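So this one's target.cif, mmCIF, C-alpha atoms:
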```cif
data_my_file
#
loop_
_atom_site.label_atom_id
_atom_site.label_comp_id
_atom_site.auth_asym_id
_atom_site.auth_seq_id
_atom_site.Cartn_x
_atom_site.Cartn_y
_atom_site.Cartn_z
CA MET A 1 -32.93 39.05 -32.64
CA PHE A 2 -32.09 35.35 -33.03
CA ARG A 3 -31.67 34.98 -29.25
CA LEU A 4 -35.07 36.56 -28.65
CA ARG A 5 -36.76 34.16 -31.10
CA PHE A 6 -34.97 31.24 -29.51
CA LEU A 7 -36.05 32.29 -25.99
CA VAL A 8 -39.67 32.75 -27.11
CA ALA A 9 -39.65 29.30 -28.76
CA LEU A 10 -38.11 27.77 -25.64
CA LEU A 11 -40.70 29.47 -23.43
CA ARG A 12 -43.54 28.11 -25.61
CA LEU A 13 -42.06 24.62 -25.41
CA CYS A 14 -41.78 24.84 -21.62
CA ILE A 15 -45.38 26.03 -21.33
CA SER A 16 -46.65 23.17 -23.51
CA VAL A 17 -44.69 20.62 -21.48
CA LEU A 18 -45.94 22.01 -18.20
CA ALA A 19 -49.50 22.13 -19.51
CA ALA A 20 -49.48 18.45 -20.50
CA PRO A 21 -51.72 16.24 -18.34
CA LEU A 22 -49.92 14.58 -15.46
CA SER A 23 -51.93 11.40 -15.80
CA SER A 24 -50.10 10.33 -18.95
CA THR A 25 -47.84 7.35 -18.34
CA PRO A 26 -44.30 7.63 -19.67
CA SER A 27 -43.16 4.57 -21.62
CA LEU A 28 -40.27 3.35 -23.71
CA GLY A 29 -40.70 1.33 -26.91
CA LEU A 30 -38.30 -1.63 -27.11
CA LEU A 31 -36.82 -3.21 -30.25
CA ASN A 32 -38.88 -6.37 -29.74
CA GLY A 33 -42.12 -4.37 -30.07
CA LYS A 34 -42.95 -4.41 -26.36
CA THR A 35 -43.40 -1.29 -24.26
CA LEU A 36 -41.68 -0.67 -20.95
CA ASN A 37 -43.73 1.35 -18.45
CA LEU A 38 -41.56 4.05 -16.87
CA ALA A 39 -44.14 5.38 -14.42
CA PRO A 40 -43.19 5.28 -10.73
CA PRO A 41 -45.32 3.08 -8.49
CA THR A 42 -48.39 4.84 -7.17
CA ASN A 43 -49.30 2.51 -4.30
CA LEU A 44 -46.28 1.96 -2.09
CA SER A 45 -46.50 -1.08 0.15
CA LEU A 46 -44.74 -2.04 3.34
CA HIS A 47 -42.20 -4.00 1.29
CA ASP A 48 -40.87 -0.76 -0.14
CA GLN A 49 -39.27 -0.24 3.28
CA PRO A 50 -36.92 -3.18 3.95
CA ASN A 51 -36.57 -4.86 7.29
CA LEU A 52 -33.12 -3.52 8.08
CA GLY A 53 -31.16 -5.84 10.35
CA VAL A 54 -33.60 -8.70 9.69
CA LEU A 55 -32.58 -11.63 7.49
CA PRO A 56 -34.46 -14.76 6.44
CA SER A 57 -33.30 -18.29 7.18
CA ASP A 58 -30.03 -19.25 5.49
CA PRO A 59 -30.40 -20.56 2.83
CA LEU A 60 -33.52 -18.94 1.37
CA PHE A 61 -35.14 -20.61 -1.65
CA ARG A 62 -37.19 -18.36 -3.94
CA HIS A 63 -39.17 -20.22 -6.60
CA ILE A 64 -40.12 -18.07 -9.59
CA PRO A 65 -43.89 -18.54 -10.17
CA GLY A 66 -44.79 -19.87 -13.61
CA SER A 67 -41.26 -21.10 -14.29
CA THR A 68 -38.90 -23.95 -13.49
CA VAL A 69 -36.39 -21.59 -11.85
CA THR A 70 -35.47 -21.41 -8.17
CA ILE A 71 -32.99 -18.91 -6.76
CA THR A 72 -31.08 -19.89 -3.60
CA PHE A 73 -29.67 -17.10 -1.44
CA ARG A 74 -27.04 -18.34 1.03
CA ASN A 75 -24.05 -17.54 3.23
CA TYR A 76 -25.12 -14.07 4.40
CA THR A 77 -22.37 -12.14 6.12
CA ILE A 78 -21.77 -8.41 6.64
CA THR A 79 -24.08 -5.52 5.81
CA ILE A 80 -23.01 -3.71 2.64
CA SER A 81 -23.98 -0.41 1.05
CA ARG A 82 -27.66 -0.45 0.16
CA LEU A 83 -27.36 2.29 -2.47
CA ASP A 84 -24.34 0.67 -4.14
CA SER A 85 -26.17 -2.70 -4.15
CA LYS A 86 -29.19 -1.13 -5.84
CA ARG A 87 -26.96 0.53 -8.46
CA CYS A 88 -25.33 -2.84 -9.27
CA VAL A 89 -28.75 -4.43 -9.70
CA GLU A 90 -29.87 -1.54 -11.91
CA ALA A 91 -26.80 -2.06 -14.12
CA ALA A 92 -27.59 -5.78 -14.33
CA LEU A 93 -31.22 -5.02 -15.24
CA GLY A 94 -29.97 -2.74 -18.00
CA ASP A 95 -27.77 -5.56 -19.29
CA VAL A 96 -30.73 -7.96 -19.26
CA LEU A 97 -32.90 -5.45 -21.14
CA THR A 98 -30.31 -5.13 -23.90
CA HIS A 99 -30.54 -8.89 -24.41
CA GLY A 100 -34.35 -9.05 -24.28
CA ASP A 101 -34.66 -10.26 -27.87
CA ARG A 102 -32.32 -13.18 -27.07
CA ARG A 103 -33.81 -14.31 -23.79
CA TYR A 104 -33.57 -18.01 -24.66
CA THR A 105 -29.94 -17.91 -25.78
CA LYS A 106 -27.09 -18.91 -23.51
CA VAL A 107 -25.16 -16.46 -21.38
CA ASN A 108 -21.63 -17.15 -22.52
CA THR A 109 -19.51 -14.94 -20.29
CA PRO A 110 -19.39 -14.05 -16.60
CA ARG A 111 -21.28 -10.83 -15.80
CA GLU A 112 -19.83 -8.33 -13.35
CA TYR A 113 -21.41 -5.09 -12.20
CA ALA A 114 -19.65 -2.79 -9.76
CA TRP A 115 -20.72 0.43 -8.09
CA GLY A 116 -18.91 2.16 -5.25
CA THR A 117 -18.01 -0.46 -2.67
CA VAL A 118 -20.22 -3.28 -4.04
CA GLU A 119 -19.80 -5.82 -6.81
CA LEU A 120 -22.41 -8.16 -8.27
CA SER A 121 -20.72 -11.15 -9.96
CA ILE A 122 -22.69 -13.77 -11.89
CA LEU A 123 -20.97 -16.90 -13.20
CA PRO A 124 -23.12 -18.71 -15.76
CA GLU A 125 -22.68 -22.42 -16.31
CA ASP A 126 -23.25 -24.18 -19.65
CA ALA A 127 -27.06 -24.17 -19.52
CA MET A 128 -27.74 -20.63 -18.22
CA ARG A 129 -29.89 -18.54 -20.54
CA TRP A 130 -30.75 -14.85 -20.39
CA VAL A 131 -34.22 -15.69 -19.07
CA GLU A 132 -32.68 -17.32 -15.97
CA LEU A 133 -30.31 -14.38 -15.54
CA SER A 134 -33.33 -12.08 -15.70
CA HIS A 135 -35.09 -14.08 -12.96
CA LEU A 136 -31.94 -13.90 -10.83
CA VAL A 137 -31.53 -10.14 -11.13
CA GLN A 138 -35.22 -9.54 -10.41
CA SER A 139 -34.95 -11.82 -7.36
CA ILE A 140 -31.98 -9.85 -6.02
CA GLN A 141 -33.98 -6.67 -6.59
CA ALA A 142 -36.90 -8.20 -4.66
CA TRP A 143 -34.52 -9.19 -1.84
CA LEU A 144 -33.33 -5.59 -1.51
CA LYS A 145 -36.94 -4.42 -1.18
CA VAL A 146 -37.62 -6.79 1.72
CA TYR A 147 -34.32 -7.47 3.51
CA ASP A 148 -31.12 -5.72 4.45
CA SER A 149 -28.33 -5.47 1.87
CA VAL A 150 -25.72 -8.04 2.84
CA ASP A 151 -22.72 -9.78 1.37
CA MET A 152 -24.14 -13.11 0.12
CA ASN A 153 -23.85 -15.93 -2.41
CA PHE A 154 -26.62 -17.21 -4.67
CA ASP A 155 -27.34 -20.07 -7.07
CA VAL A 156 -29.74 -20.36 -10.00
CA LEU A 157 -31.42 -23.77 -10.21
CA VAL A 158 -33.59 -25.09 -13.04
CA ASP A 159 -35.85 -28.12 -12.51
CA GLY A 160 -34.52 -31.13 -14.42
CA VAL A 161 -31.21 -29.40 -15.18
CA GLY A 162 -29.72 -28.45 -11.81
CA ARG A 163 -27.53 -25.46 -11.12
CA VAL A 164 -27.10 -23.21 -14.17
CA GLY A 165 -25.34 -20.30 -12.48
CA THR A 166 -23.88 -18.97 -9.28
CA GLY A 167 -22.60 -15.68 -8.00
CA ARG A 168 -22.11 -13.20 -5.24
CA LEU A 169 -23.21 -9.76 -4.11
CA ALA A 170 -20.19 -8.54 -2.18
CA ASN A 171 -18.37 -5.71 -0.50
CA VAL A 172 -15.18 -5.10 -2.51
CA ILE A 173 -13.28 -2.93 -0.03
#
```
The structure given in the file should be rewritten as structure tokens.
Amino acid sequence: MFRLRFLVALLRLCISVLAAPLSSTPSLGLLNGKTLNLAPPTNLSLHDQPNLGVLPSDPLFRHIPGSTVTITFRNYTITISRLDSKRCVEAALGDVLTHGDRRYTKVNTPREYAWGTVELSILPEDAMRWVELSHLVQSIQAWLKVYDSVDMNFDVLVDGVGRVGTGRLANVI
């Protein structure tokens, strides 16, 4: 009898979930009071398909609009696993999100994220804060949307301060 009640309750729950409007946007409330939109993009652009085999000039300088931060990508070498690179970046984004309430505090320790055959290593210097690390990780994510996934080095530069961090996205095998 208990199993029957449980199955009926489960069926009702499934029906209510399936009957919910699809237009609702899933979101996640963060500790700092902000909301993170979890909805997938609805208008895919050409940049969602990277130019495989095509790389920009070496080095590439990417200034972050509205900030004093510039990311330099340099020393591109071999092609590495695209999926493993994305997973490393996702892990780094998760790390940044857990420090969202401390975005203007210093990053005190090297950050390393590994997945499969790829490792993302970030070496902060004395002045690197979580906000600069966030810009770096988002820039690497933007790179992967536009260009091929390659073994490369990068630097984080802040106007008036200089280099605050360096690192590498690399094949580890």
Test item: residues at most 12 Å from range 126-131 of chain A, all atoms listed in the file, excluding those fewer than 4 positions along its chain, as an mmCIF file with C-alpha atoms, in the frame of the given file:
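Contents of result_15.cif, freshly written:
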```cif
data_model
loop_
_atom_site.group_PDB
_atom_site.id
_atom_site.type_symbol
_atom_site.label_atom_id
_atom_site.label_comp_id
_atom_site.auth_asym_id
_atom_site.auth_seq_id
_atom_site.Cartn_x
_atom_site.Cartn_y
_atom_site.Cartn_z
ATOM 1 C CA ILE A 64 -40.120 -18.070 -9.590
ATOM 2 C CA SER A 67 -41.260 -21.100 -14.290
ATOM 3 C CA THR A 68 -38.900 -23.950 -13.490
ATOM 4 C CA VAL A 69 -36.390 -21.590 -11.850
ATOM 5 C CA ALA A 92 -27.590 -5.780 -14.330
ATOM 6 C CA LEU A 93 -31.220 -5.020 -15.240
ATOM 7 C CA ASP A 95 -27.770 -5.560 -19.290
ATOM 8 C CA VAL A 96 -30.730 -7.960 -19.260
ATOM 9 C CA LEU A 97 -32.900 -5.450 -21.140
ATOM 10 C CA THR A 98 -30.310 -5.130 -23.900
ATOM 11 C CA HIS A 99 -30.540 -8.890 -24.410
ATOM 12 C CA GLY A 100 -34.350 -9.050 -24.280
ATOM 13 C CA ASP A 101 -34.660 -10.260 -27.870
ATOM 14 C CA ARG A 102 -32.320 -13.180 -27.070
ATOM 15 C CA ARG A 103 -33.810 -14.310 -23.790
ATOM 16 C CA TYR A 104 -33.570 -18.010 -24.660
ATOM 17 C CA THR A 105 -29.940 -17.910 -25.780
ATOM 18 C CA LYS A 106 -27.090 -18.910 -23.510
ATOM 19 C CA VAL A 107 -25.160 -16.460 -21.380
ATOM 20 C CA ASN A 108 -21.630 -17.150 -22.520
ATOM 21 C CA THR A 109 -19.510 -14.940 -20.290
ATOM 22 C CA PRO A 110 -19.390 -14.050 -16.600
ATOM 23 C CA ARG A 111 -21.280 -10.830 -15.800
ATOM 24 C CA ILE A 122 -22.690 -13.770 -11.890
ATOM 25 C CA HIS A 135 -35.090 -14.080 -12.960
ATOM 26 C CA LEU A 136 -31.940 -13.900 -10.830
ATOM 27 C CA VAL A 137 -31.530 -10.140 -11.130
ATOM 28 C CA GLN A 138 -35.220 -9.540 -10.410
ATOM 29 C CA ASP A 155 -27.340 -20.070 -7.070
ATOM 30 C CA VAL A 156 -29.740 -20.360 -10.000
ATOM 31 C CA LEU A 157 -31.420 -23.770 -10.210
ATOM 32 C CA VAL A 158 -33.590 -25.090 -13.040
ATOM 33 C CA ASP A 159 -35.850 -28.120 -12.510
ATOM 34 C CA GLY A 160 -34.520 -31.130 -14.420
ATOM 35 C CA VAL A 161 -31.210 -29.400 -15.180
ATOM 36 C CA GLY A 162 -29.720 -28.450 -11.810
ATOM 37 C CA ARG A 163 -27.530 -25.460 -11.120
ATOM 38 C CA VAL A 164 -27.100 -23.210 -14.170
ATOM 39 C CA GLY A 165 -25.340 -20.300 -12.480
ATOM 40 C CA THR A 166 -23.880 -18.970 -9.280
#
```
Which is closest to Val150 in chain A among A:Pro59, A:Arg74, A:Asn171, A:Thr79, if we use only C-alpha atoms?
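Of A:Pro59, A:Arg74, A:Asn171, A:Thr79, the one nearest Val150 in chain A, counting only C-alpha atoms, is A:Thr79.
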Expand the PyMOL selection byres ((chain A and resi 139) around 10) into the individual residues it matches in the shown file, reporting them as an MDAnalysis selection string.
chainID A and resid 62:64 70:73 89 133:138 140:145
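CA of Ile78 in chain A is found 9.0 Å from CA of Ala170 in chain A.
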Quick one: of A:Pro124, A:Pro65, A:Gly116, A:Gly53, who's nearest to Val172 in chain A, counting all atoms listed in the file?
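Comparing A:Pro124, A:Pro65, A:Gly116, A:Gly53 against Val172 in chain A, the winner is A:Gly116.
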Would you mind telling me which residue in A:Ile80, A:Leu123, A:Val146, A:Ala114 lies nearest to Leu52 in chain A when using only C-alpha atoms?
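When distances to Leu52 in chain A are compared using only C-alpha atoms, the smallest one comes from A:Val146.
Reported to one decimal place, the separation of CA of Glu119 in chain A from CA of Tyr76 in chain A is 14.9 Å.
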